[in-house]
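Colleague: coords01.json is the file, holding JSON, C-alpha atoms:
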[["chain", "number", "residue", "atom", "x", "y", "z"],
["A", 1, "MET", "CA", 28.96, 115.62, 142.31],
["A", 2, "ARG", "CA", 29.19, 118.90, 144.24],
["A", 3, "THR", "CA", 32.51, 117.77, 145.65],
["A", 4, "LEU", "CA", 33.84, 117.36, 142.11],
["A", 5, "THR", "CA", 32.55, 120.84, 141.22],
["A", 6, "TYR", "CA", 34.45, 122.40, 144.15],
["A", 7, "LEU", "CA", 37.55, 120.42, 143.23],
["A", 8, "PHE", "CA", 37.29, 121.60, 139.61],
["A", 9, "ILE", "CA", 36.91, 125.25, 140.67],
["A", 10, "GLY", "CA", 39.89, 124.85, 143.03],
["A", 11, "ILE", "CA", 42.06, 123.36, 140.27],
["A", 12, "LEU", "CA", 41.12, 126.23, 137.98],
["A", 13, "PHE", "CA", 42.03, 128.64, 140.79],
["A", 14, "GLY", "CA", 45.39, 126.94, 141.41],
["A", 15, "ILE", "CA", 46.31, 126.95, 137.72],
["A", 16, "THR", "CA", 45.33, 130.63, 137.49],
["A", 17, "MET", "CA", 47.34, 131.58, 140.60],
["A", 18, "PHE", "CA", 50.40, 129.81, 139.20],
["A", 19, "LYS", "CA", 50.13, 130.92, 135.58],
["A", 20, "SER", "CA", 49.28, 134.53, 136.46],
["A", 21, "GLU", "CA", 52.42, 134.58, 138.65],
["A", 22, "ALA", "CA", 50.28, 135.98, 141.48],
["A", 23, "ALA", "CA", 51.79, 133.10, 143.48],
["A", 24, "SER", "CA", 55.30, 134.43, 142.83],
["A", 25, "TRP", "CA", 57.07, 136.16, 145.72],
["A", 26, "PHE", "CA", 58.87, 138.27, 143.10],
["A", 27, "ARG", "CA", 55.62, 139.64, 141.65],
["A", 28, "ILE", "CA", 54.41, 140.71, 145.11],
["A", 29, "TYR", "CA", 57.71, 142.49, 145.78],
["A", 30, "GLU", "CA", 57.58, 144.18, 142.37],
["A", 31, "MET", "CA", 53.99, 145.27, 143.03],
["A", 32, "PHE", "CA", 54.88, 146.96, 146.33],
["A", 33, "LYS", "CA", 57.80, 148.65, 144.54],
["A", 34, "PHE", "CA", 55.35, 149.99, 141.93],
["A", 35, "GLU", "CA", 57.69, 148.70, 139.24],
["A", 36, "SER", "CA", 55.17, 146.79, 137.16],
["A", 37, "PHE", "CA", 51.54, 147.08, 136.14],
["A", 38, "HIS", "CA", 51.09, 143.28, 136.14],
["A", 39, "MET", "CA", 49.58, 142.71, 139.62],
["A", 40, "TYR", "CA", 47.53, 145.91, 139.47],
["A", 41, "GLY", "CA", 46.18, 144.82, 136.09],
["A", 42, "ILE", "CA", 45.19, 141.42, 137.53],
["A", 43, "ILE", "CA", 43.50, 142.79, 140.65],
["A", 44, "GLY", "CA", 41.97, 145.75, 138.77],
["A", 45, "SER", "CA", 40.51, 143.76, 135.88],
["A", 46, "SER", "CA", 39.16, 141.01, 138.13],
["A", 47, "LEU", "CA", 37.62, 143.71, 140.29],
["A", 48, "VAL", "CA", 35.92, 145.58, 137.41],
["A", 49, "ILE", "CA", 34.44, 142.31, 136.10],
["A", 50, "GLY", "CA", 33.66, 141.21, 139.67],
["A", 51, "ILE", "CA", 31.67, 144.39, 140.34],
["A", 52, "VAL", "CA", 29.66, 143.86, 137.13],
["A", 53, "ILE", "CA", 28.98, 140.22, 138.13],
["A", 54, "VAL", "CA", 27.93, 140.93, 141.72],
["A", 55, "GLN", "CA", 25.82, 143.97, 140.87],
["A", 56, "SER", "CA", 24.11, 142.03, 138.03],
["A", 57, "ILE", "CA", 23.32, 139.13, 140.35],
["A", 58, "LYS", "CA", 21.76, 141.57, 142.81],
["A", 59, "ARG", "CA", 19.90, 143.73, 140.25],
["A", 60, "PHE", "CA", 18.51, 140.86, 138.15],
["A", 61, "ASN", "CA", 18.07, 138.53, 141.11],
["A", 62, "ILE", "CA", 20.08, 135.80, 139.36],
["A", 63, "LYS", "CA", 19.72, 132.38, 141.04],
["A", 64, "SER", "CA", 22.52, 129.90, 141.63],
["A", 65, "PHE", "CA", 22.99, 126.81, 139.42],
["A", 66, "TYR", "CA", 20.86, 124.97, 141.98],
["A", 67, "GLY", "CA", 18.04, 127.53, 141.80],
["A", 68, "GLU", "CA", 18.81, 129.06, 145.20],
["A", 69, "ARG", "CA", 19.05, 132.75, 146.07],
["A", 70, "ILE", "CA", 22.65, 134.00, 146.05],
["A", 71, "HIS", "CA", 23.46, 135.41, 149.44],
["A", 72, "PHE", "CA", 25.93, 138.24, 150.13],
["A", 73, "SER", "CA", 26.70, 138.85, 153.79],
["A", 74, "PRO", "CA", 27.58, 142.50, 154.47],
["A", 75, "LYS", "CA", 30.70, 142.89, 156.60],
["A", 76, "ALA", "CA", 30.26, 144.31, 160.11],
["A", 77, "LYS", "CA", 30.94, 148.06, 160.30],
["A", 78, "SER", "CA", 34.24, 148.93, 161.94],
["A", 79, "PHE", "CA", 37.45, 150.75, 161.18],
["A", 80, "SER", "CA", 40.10, 149.46, 163.56],
["A", 81, "ARG", "CA", 39.81, 145.74, 162.88],
["A", 82, "TYR", "CA", 40.03, 146.20, 159.11],
["A", 83, "MET", "CA", 42.84, 148.74, 159.27],
["A", 84, "PHE", "CA", 44.98, 147.02, 161.94],
["A", 85, "GLY", "CA", 44.23, 143.52, 160.67],
["A", 86, "GLY", "CA", 44.91, 144.69, 157.14],
["A", 87, "ILE", "CA", 48.28, 146.21, 158.04],
["A", 88, "ILE", "CA", 49.35, 143.03, 159.87],
["A", 89, "PHE", "CA", 48.26, 140.92, 156.89],
["A", 90, "GLY", "CA", 50.10, 143.24, 154.48],
["A", 91, "LEU", "CA", 53.34, 142.95, 156.46],
["A", 92, "GLY", "CA", 53.14, 139.17, 156.23],
["A", 93, "TRP", "CA", 52.02, 139.14, 152.60],
["A", 94, "ALA", "CA", 55.10, 141.13, 151.56],
["A", 95, "LEU", "CA", 57.49, 139.11, 153.73],
["A", 96, "ALA", "CA", 56.29, 135.60, 152.87],
["A", 97, "GLY", "CA", 55.26, 136.71, 149.37],
["A", 98, "ALA", "CA", 52.18, 134.52, 149.51],
["A", 99, "CYS", "CA", 48.59, 134.95, 150.61],
["A", 100, "PRO", "CA", 46.31, 132.16, 151.89],
["A", 101, "GLY", "CA", 45.34, 130.86, 148.42],
["A", 102, "PRO", "CA", 48.66, 130.87, 146.55],
["A", 103, "MET", "CA", 50.57, 129.35, 149.49],
["A", 104, "PHE", "CA", 48.68, 126.12, 148.84],
["A", 105, "THR", "CA", 49.32, 126.39, 145.10],
["A", 106, "LEU", "CA", 53.04, 126.58, 145.85],
["A", 107, "VAL", "CA", 52.86, 123.28, 147.76],
["A", 108, "GLY", "CA", 51.57, 121.69, 144.55],
["A", 109, "VAL", "CA", 54.49, 123.20, 142.63],
["A", 110, "GLY", "CA", 56.77, 121.38, 145.07],
["A", 111, "TYR", "CA", 58.28, 124.07, 147.30],
["A", 112, "VAL", "CA", 58.65, 122.27, 150.65],
["A", 113, "PRO", "CA", 59.48, 125.37, 152.81],
["A", 114, "VAL", "CA", 56.03, 126.81, 152.00],
["A", 115, "LEU", "CA", 54.70, 124.24, 154.47],
["A", 116, "ILE", "CA", 56.35, 126.32, 157.22],
["A", 117, "VAL", "CA", 54.43, 129.38, 156.01],
["A", 118, "ILE", "CA", 51.16, 127.41, 156.01],
["A", 119, "ILE", "CA", 51.66, 125.91, 159.48],
["A", 120, "SER", "CA", 52.65, 129.35, 160.83],
["A", 121, "SER", "CA", 49.61, 130.99, 159.27],
["A", 122, "ILE", "CA", 47.36, 128.38, 160.93],
["A", 123, "LEU", "CA", 49.16, 129.19, 164.21],
["A", 124, "GLY", "CA", 48.68, 132.91, 163.55],
["A", 125, "THR", "CA", 44.96, 132.33, 163.07],
["A", 126, "PHE", "CA", 44.92, 130.35, 166.34],
["A", 127, "LEU", "CA", 46.69, 133.21, 168.15],
["A", 128, "TYR", "CA", 44.06, 135.63, 166.85],
["A", 129, "GLY", "CA", 41.33, 133.34, 168.20],
["A", 130, "LEU", "CA", 42.99, 133.36, 171.64],
["A", 131, "LEU", "CA", 43.52, 137.14, 171.75],
["A", 132, "ARG", "CA", 40.32, 138.20, 169.99],
["A", 133, "ASP", "CA", 38.55, 139.54, 173.08],
["A", 134, "LYS", "CA", 41.53, 141.74, 173.96],
["A", 135, "LEU", "CA", 41.86, 143.38, 170.53],
["A", 136, "PRO", "CA", 40.04, 146.51, 169.33],
["A", 137, "HIS", "CA", 37.38, 145.52, 166.77],
["B", 1, "MET", "CA", 47.44, 127.20, 122.06],
["B", 2, "ASN", "CA", 51.05, 128.15, 122.74],
["B", 3, "TRP", "CA", 50.01, 131.09, 124.90],
["B", 4, "ILE", "CA", 48.94, 128.68, 127.61],
["B", 5, "TYR", "CA", 52.59, 127.70, 128.20],
["B", 6, "GLU", "CA", 53.65, 131.34, 128.50],
["B", 7, "PRO", "CA", 52.96, 133.31, 131.71],
["B", 8, "TRP", "CA", 49.36, 134.53, 131.51],
["B", 9, "LEU", "CA", 49.08, 138.25, 130.95],
["B", 10, "TRP", "CA", 47.06, 140.36, 133.38],
["B", 11, "TYR", "CA", 44.07, 140.63, 131.04],
["B", 12, "VAL", "CA", 43.81, 136.83, 130.94],
["B", 13, "SER", "CA", 44.51, 136.30, 134.66],
["B", 14, "GLY", "CA", 42.18, 138.99, 136.05],
["B", 15, "PRO", "CA", 39.08, 137.78, 134.17],
["B", 16, "MET", "CA", 39.95, 134.18, 135.19],
["B", 17, "ILE", "CA", 39.88, 135.20, 138.87],
["B", 18, "ALA", "CA", 36.53, 136.93, 138.31],
["B", 19, "LEU", "CA", 35.28, 133.73, 136.64],
["B", 20, "ILE", "CA", 36.34, 131.68, 139.68],
["B", 21, "MET", "CA", 34.49, 134.07, 142.00],
["B", 22, "PHE", "CA", 31.45, 133.84, 139.69],
["B", 23, "LEU", "CA", 31.51, 130.03, 139.65],
["B", 24, "LEU", "CA", 31.69, 129.91, 143.46],
["B", 25, "LEU", "CA", 28.76, 132.33, 143.76],
["B", 26, "MET", "CA", 26.78, 130.22, 141.30],
["B", 27, "VAL", "CA", 27.25, 127.13, 143.45],
["B", 28, "GLY", "CA", 26.12, 129.16, 146.47],
["B", 29, "LYS", "CA", 29.53, 129.80, 148.04],
["B", 30, "ASN", "CA", 31.73, 132.83, 148.72],
["B", 31, "PHE", "CA", 35.31, 133.23, 147.50],
["B", 32, "GLY", "CA", 37.52, 133.54, 150.61],
["B", 33, "MET", "CA", 40.58, 131.38, 151.14],
["B", 34, "SER", "CA", 41.80, 132.43, 154.60],
["B", 35, "ALA", "CA", 38.61, 130.98, 156.16],
["B", 36, "ASN", "CA", 40.30, 127.61, 155.60],
["B", 37, "LEU", "CA", 42.97, 128.50, 158.16],
["B", 38, "ARG", "CA", 40.28, 128.87, 160.83],
["B", 39, "THR", "CA", 38.68, 125.58, 159.76],
["B", 40, "MET", "CA", 42.06, 123.85, 160.09],
["B", 41, "CYS", "CA", 42.43, 125.27, 163.61],
["B", 42, "THR", "CA", 39.06, 123.81, 164.57],
["B", 43, "ILE", "CA", 39.93, 120.41, 163.07],
["B", 44, "CYS", "CA", 43.13, 120.45, 165.16],
["B", 45, "GLY", "CA", 41.07, 120.98, 168.32],
["B", 46, "ALA", "CA", 41.30, 124.77, 168.76],
["B", 47, "ASP", "CA", 37.58, 124.86, 169.65],
["B", 48, "LYS", "CA", 38.58, 123.56, 173.07],
["B", 49, "LYS", "CA", 40.78, 126.64, 173.63],
["B", 50, "ALA", "CA", 38.74, 129.54, 172.22],
["B", 51, "ASP", "CA", 35.09, 130.13, 171.35],
["B", 52, "PHE", "CA", 36.13, 131.67, 168.03],
["B", 53, "PHE", "CA", 36.79, 128.15, 166.76],
["B", 54, "LYS", "CA", 33.49, 126.66, 167.94],
["B", 55, "PHE", "CA", 31.59, 126.10, 164.71],
["B", 56, "ASP", "CA", 30.59, 123.16, 162.57],
["B", 57, "TRP", "CA", 33.70, 122.80, 160.43],
["B", 58, "LYS", "CA", 31.90, 120.41, 158.10],
["B", 59, "SER", "CA", 29.99, 123.44, 156.78],
["B", 60, "GLN", "CA", 33.38, 124.60, 155.40],
["B", 61, "LYS", "CA", 34.34, 121.25, 153.86],
["B", 62, "TRP", "CA", 33.64, 122.65, 150.38],
["B", 63, "ASN", "CA", 36.31, 125.32, 150.92],
["B", 64, "LEU", "CA", 38.89, 122.73, 151.98],
["B", 65, "ILE", "CA", 38.14, 120.90, 148.72],
["B", 66, "VAL", "CA", 38.70, 124.15, 146.80],
["B", 67, "ILE", "CA", 42.08, 124.59, 148.51],
["B", 68, "LEU", "CA", 42.97, 120.96, 147.74],
["B", 69, "GLY", "CA", 42.15, 121.84, 144.13],
["B", 70, "ALA", "CA", 44.48, 124.84, 144.41],
["B", 71, "VAL", "CA", 47.31, 122.45, 145.36],
["B", 72, "ILE", "CA", 46.53, 120.19, 142.39],
["B", 73, "GLY", "CA", 46.23, 123.26, 140.14],
["B", 74, "GLY", "CA", 49.72, 124.37, 141.20],
["B", 75, "PHE", "CA", 51.06, 120.94, 140.28],
["B", 76, "ILE", "CA", 49.31, 120.91, 136.89],
["B", 77, "GLY", "CA", 50.26, 124.51, 136.12],
["B", 78, "SER", "CA", 53.93, 124.04, 136.87],
["B", 79, "HIS", "CA", 54.46, 120.50, 135.55],
["B", 80, "PHE", "CA", 52.28, 120.43, 132.43],
["B", 81, "LEU", "CA", 51.54, 124.02, 131.44],
["B", 82, "THR", "CA", 54.89, 125.74, 131.88],
["B", 83, "THR", "CA", 58.18, 125.43, 130.01],
["B", 84, "ASP", "CA", 60.16, 128.22, 131.69],
["B", 85, "MET", "CA", 59.53, 128.84, 135.41],
["B", 86, "ALA", "CA", 61.45, 132.16, 135.54],
["B", 87, "VAL", "CA", 59.33, 135.21, 136.32],
["B", 88, "ALA", "CA", 60.28, 138.14, 134.08],
["B", 89, "ILE", "CA", 60.06, 140.97, 136.59],
["B", 90, "ASN", "CA", 61.27, 144.50, 135.89],
["B", 91, "PRO", "CA", 65.10, 144.58, 135.38],
["B", 92, "LYS", "CA", 65.28, 147.41, 137.92],
["B", 93, "THR", "CA", 63.49, 145.20, 140.47],
["B", 94, "ILE", "CA", 65.98, 142.42, 139.69],
["B", 95, "SER", "CA", 68.98, 144.65, 140.40],
["B", 96, "ASP", "CA", 67.38, 145.89, 143.63],
["B", 97, "LEU", "CA", 66.83, 142.27, 144.71],
["B", 98, "ASN", "CA", 70.37, 141.30, 143.76],
["B", 99, "GLU", "CA", 71.61, 144.02, 146.07],
["B", 100, "LEU", "CA", 69.49, 142.58, 148.89],
["B", 101, "GLY", "CA", 71.09, 139.19, 148.24],
["B", 102, "PHE", "CA", 68.39, 137.53, 146.14],
["B", 103, "ASN", "CA", 70.51, 136.22, 143.28],
["B", 104, "SER", "CA", 67.68, 134.09, 141.90],
["B", 105, "ALA", "CA", 65.63, 137.18, 140.96],
["B", 106, "GLY", "CA", 64.56, 136.93, 137.32],
["B", 107, "LYS", "CA", 65.75, 133.32, 137.12],
["B", 108, "SER", "CA", 63.20, 131.38, 139.14],
["B", 109, "TYR", "CA", 59.52, 131.42, 140.17],
["B", 110, "VAL", "CA", 60.12, 132.20, 143.85],
["B", 111, "PRO", "CA", 63.46, 133.07, 145.53],
["B", 112, "ASN", "CA", 65.63, 129.97, 145.92],
["B", 113, "GLU", "CA", 67.06, 131.74, 148.96],
["B", 114, "LEU", "CA", 63.71, 131.25, 150.76],
["B", 115, "PHE", "CA", 61.91, 128.35, 149.09],
["B", 116, "GLU", "CA", 64.51, 125.75, 148.08],
["B", 117, "THR", "CA", 64.48, 122.76, 150.43],
["B", 118, "GLU", "CA", 68.17, 123.40, 151.31],
["B", 119, "SER", "CA", 67.21, 126.84, 152.65],
["B", 120, "LEU", "CA", 65.59, 125.03, 155.59],
["B", 121, "LEU", "CA", 69.10, 124.66, 157.01],
["B", 122, "ASN", "CA", 69.26, 128.43, 157.47],
["B", 123, "LEU", "CA", 67.78, 129.69, 160.75],
["B", 124, "LYS", "CA", 67.16, 133.19, 159.37],
["B", 125, "THR", "CA", 65.18, 131.79, 156.44],
["B", 126, "ILE", "CA", 63.03, 129.69, 158.79],
["B", 127, "LEU", "CA", 62.38, 132.76, 160.97],
["B", 128, "ILE", "CA", 61.32, 134.79, 157.92],
["B", 129, "LEU", "CA", 58.89, 132.09, 156.79],
["B", 130, "VAL", "CA", 57.50, 131.60, 160.32],
["B", 131, "ILE", "CA", 57.02, 135.33, 161.00],
["B", 132, "GLY", "CA", 55.56, 135.90, 157.52],
["B", 133, "GLY", "CA", 53.08, 133.05, 158.03],
["B", 134, "LEU", "CA", 52.12, 134.19, 161.56],
["B", 135, "LEU", "CA", 51.41, 137.74, 160.33],
["B", 136, "VAL", "CA", 49.37, 136.48, 157.35],
["B", 137, "GLY", "CA", 47.24, 134.15, 159.49],
["B", 138, "PHE", "CA", 46.74, 136.59, 162.35],
["B", 139, "GLY", "CA", 46.10, 139.60, 160.11],
["B", 140, "ALA", "CA", 43.74, 137.82, 157.74],
["B", 141, "ARG", "CA", 41.48, 136.68, 160.56],
["B", 142, "TYR", "CA", 41.69, 140.00, 162.43],
["B", 143, "ALA", "CA", 40.72, 141.82, 159.22],
["B", 144, "GLY", "CA", 38.06, 139.18, 158.51],
["B", 145, "GLY", "CA", 39.50, 138.16, 155.15],
["B", 146, "CYS", "CA", 42.49, 138.15, 152.83],
["B", 147, "THR", "CA", 43.15, 139.08, 149.23],
["B", 148, "SER", "CA", 40.34, 136.86, 147.90],
["B", 149, "GLY", "CA", 37.79, 137.69, 150.59],
["B", 150, "HIS", "CA", 38.35, 141.45, 150.73],
["B", 151, "ALA", "CA", 40.18, 142.62, 147.59],
["B", 152, "ILE", "CA", 38.08, 140.49, 145.21],
["B", 153, "SER", "CA", 34.81, 139.37, 146.89],
["B", 154, "GLY", "CA", 34.32, 142.31, 149.26],
["B", 155, "LEU", "CA", 35.27, 145.09, 146.84],
["B", 156, "SER", "CA", 33.13, 143.50, 144.09],
["B", 157, "ASP", "CA", 30.24, 143.81, 146.54],
["B", 158, "LEU", "CA", 31.28, 147.49, 147.10],
["B", 159, "GLN", "CA", 31.86, 146.91, 150.81],
["B", 160, "LEU", "CA", 33.53, 149.82, 152.62],
["B", 161, "PRO", "CA", 35.13, 147.51, 155.26],
["B", 162, "SER", "CA", 36.91, 145.68, 152.43],
["B", 163, "LEU", "CA", 38.28, 148.95, 151.07],
["B", 164, "ILE", "CA", 39.66, 149.80, 154.53],
["B", 165, "ALA", "CA", 41.22, 146.32, 154.75],
["B", 166, "VAL", "CA", 42.80, 146.57, 151.28],
["B", 167, "ILE", "CA", 44.26, 150.00, 152.16],
["B", 168, "GLY", "CA", 45.65, 148.31, 155.28],
["B", 169, "PHE", "CA", 47.14, 145.47, 153.15],
["B", 170, "PHE", "CA", 49.02, 148.10, 151.14],
["B", 171, "ILE", "CA", 50.19, 150.13, 154.12],
["B", 172, "GLY", "CA", 51.58, 146.92, 155.65],
["B", 173, "GLY", "CA", 53.13, 145.68, 152.40],
["B", 174, "LEU", "CA", 54.74, 149.02, 151.56],
["B", 175, "ALA", "CA", 56.11, 149.39, 155.10],
["B", 176, "MET", "CA", 57.59, 145.88, 154.95],
["B", 177, "ILE", "CA", 59.31, 146.33, 151.60],
["B", 178, "HIS", "CA", 60.44, 149.93, 151.84],
["B", 179, "PHE", "CA", 61.33, 150.22, 155.54],
["B", 180, "LEU", "CA", 61.81, 146.72, 156.97],
["B", 181, "PHE", "CA", 63.43, 144.85, 154.05],
["B", 182, "PRO", "CA", 66.62, 146.96, 154.21],
["B", 183, "LEU", "CA", 66.89, 146.01, 157.91],
["B", 184, "ILE", "CA", 66.07, 142.31, 157.44],
["B", 185, "PHE", "CA", 68.09, 141.50, 154.30]]
Starting from the file, lay out its structure as structure tokens.
Modeller:
Amino acid sequence: MRTLTYLFIGILFGITMFKSEAASWFRIYEMFKFESFHMYGIIGSSLVIGIVIVQSIKRFNIKSFYGERIHFSPKAKSFSRYMFGGIIFGLGWALAGACPGPMFTLVGVGYVPVLIVIISSILGTFLYGLLRDKLPH
Amino acid sequence: MNWIYEPWLWYVSGPMIALIMFLLLMVGKNFGMSANLRTMCTICGADKKADFFKFDWKSQKWNLIVILGAVIGGFIGSHFLTTDMAVAINPKTISDLNELGFNSAGKSYVPNELFETESLLNLKTILILVIGGLLVGFGARYAGGCTSGHAISGLSDLQLPSLIAVIGFFIGGLAMIHFLFPLIF
């Protein structure tokens, strides 16, 4: 049952990524050129609603569908890992035009070369794991 | 119901993303897609090479199911809910892209020059996809999250680290498109 719930949420996510065109390389390029409000509207509106949702859950102690406490894990305090990691991610996001969710959506659309992006991003994650102790965090 | 076949406007798409984050929270999970890349490393045996990958990957099975759903959602969205795949980006953006050699701008969903199966015969295209993927995977894990984990989940939780990461995403993206694209394309 829970498996079906996760699958349903994932399908909803995939349809949204495709239909919103957030999975389009062109929209990412246009966003970084500041030539359309579209992507900013998507991120901004989801964020405003997201803040209301998360703060409400915390304030009113809303429980999950299964009656459990909803847990938010605060991120470890640091500057360098978020800034350097973020810049590296941003370079790749603009070049490949896909982030880790939409790249899977694009496989479903039928774009075979996206598989190269996915395999490389798994390799990139592996490289991070190997080099982690040598990087500033 | 015709609107569903049109591209979804930002004020439909944004609330839908917030709804997805809400649904995941309500089933006790956190919205963060790049975590799957680490799970896939572990499944492939990376835990034998680095401690970072030593964790019980089965605890992340739910997220792999979400990403499987994202694949299916892409299929449904493109095959059953869309009549015209072209993305109507700004005409100025289209002419810029034409100059860079992307003739499919404004005519397709993603550039044919990069994502058509025939483009796999081009070494430069393969290099672009490989380097793009490597940077995304490395950067997402270094930063501890990607667009979903930081820009949506983290910022919704008013986390300062996520704000730093999102600023980094934009510095990287802007540098790539404004400084590196003219050199690459």
Colleague: Rank B:Ile43, B:Val66, B:Leu24, B:Ala35 by their smallest atom-to-atom distance to Thr105 in chain A, using all atoms listed in the file, and report the top residue only.
Modeller: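 Among the listed residues, the smallest separation from Thr105 in chain A belongs to B:Val66.
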Colleague: Which value, in Å to one decimal, gives the distance between CA of Phe31 in chain B and CA of Lys61 in chain B?
Modeller: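 For CA of Phe31 in chain B relative to CA of Lys61 in chain B, the distance reads 13.6 Å.
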Colleague: Give me, please, the distance in Å between CA of Lys58 in chain B and CA of Leu135 in chain A, quoted to one decimal.
Modeller: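 Straight-line distance from CA of Lys58 in chain B to CA of Leu135 in chain A works out to 28.0 Å.
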Colleague: Determine, counting only C-alpha atoms, every residue of protein, DNA or RNA that lies within 12 Å of (59.8, 147.7, 159.4) in the file coordinates, then give the result as a ChimeraX atom specification.
Modeller: /A:87-88,90-92,94-95 /B:171-185
Colleague: Find the spatial neighbours of range 122-124 of chain A, counting only C-alpha atoms, within a cut-off of 6 Å - ignore same-chain residues fewer than 6 positions away - and output them as number ranges by chain.
Modeller: B: 37, 134, 137-138
Colleague: State, in Å with one decimal place, the distance from CA of Ala96 in chain A to CA of Phe102 in chain B.
Modeller: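 Separation between CA of Ala96 in chain A and CA of Phe102 in chain B: 14.0 Å.
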Colleague: Counting all atoms listed in the file, figure out which residue out of B:Val87, B:Gly73, B:Trp8, B:Pro15 gets nearest to Val52 in chain A.
Modeller: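 So, comparing all the options, the nearest one is B:Pro15.
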Colleague: Compile the contact shell of Leu7 in chain A as a count of residues only: residues with an atom at most 12 Å away, counting all atoms listed in the file, same-chain residues fewer than 4 positions apart removed.
Modeller: 23
Colleague: For Ile51 in chain A, find every residue with an atom within 7 Å (counting all atoms listed in the file), except residues of its own chain fewer than 3 positions away, and show them as a list in words.
Modeller: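 Answer for this query is Leu47, Val48, Val54 and Gln55 of chain A; Ser156 and Asp157 of chain B.
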Colleague: So which one's closest to chain A, B:Leu160, B:Cys44, B:Leu19, B:Leu135? Using only C-alpha atoms, please.
Modeller: B:Leu135
Colleague: Out of A:Ser73, A:Ser45, A:Ser56, A:Asn61, which residue has the shortest atom-to-atom distance to chain B when counting only C-alpha atoms?
Modeller: A:Ser45
Colleague: I'd like the neighbourhood of range 17-25 of chain A as a PyMOL selection string, where a residue qualifies if any of its atoms comes within 6 Å (using only C-alpha atoms), though same-chain residues fewer than 4 positions away should be ignored.
Modeller: (chain A and resi 97+102) or (chain B and resi 7-8+13+74+109-110)
Colleague: Select, from B:Ile94, B:Met85, B:Leu158, B:Ala143, the residue with the minimum atom-to-atom distance to chain A, counting all atoms listed in the file.
Modeller: B:Ala143
Colleague: Restricting the calculation to only C-alpha atoms, which member of A:Gly44, A:Gly85, A:Gly10, A:Gly50 is positioned closest to Gly144 in chain B?
Modeller: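 Residue with the minimum atom-to-atom distance to Gly144 in chain B: A:Gly85.
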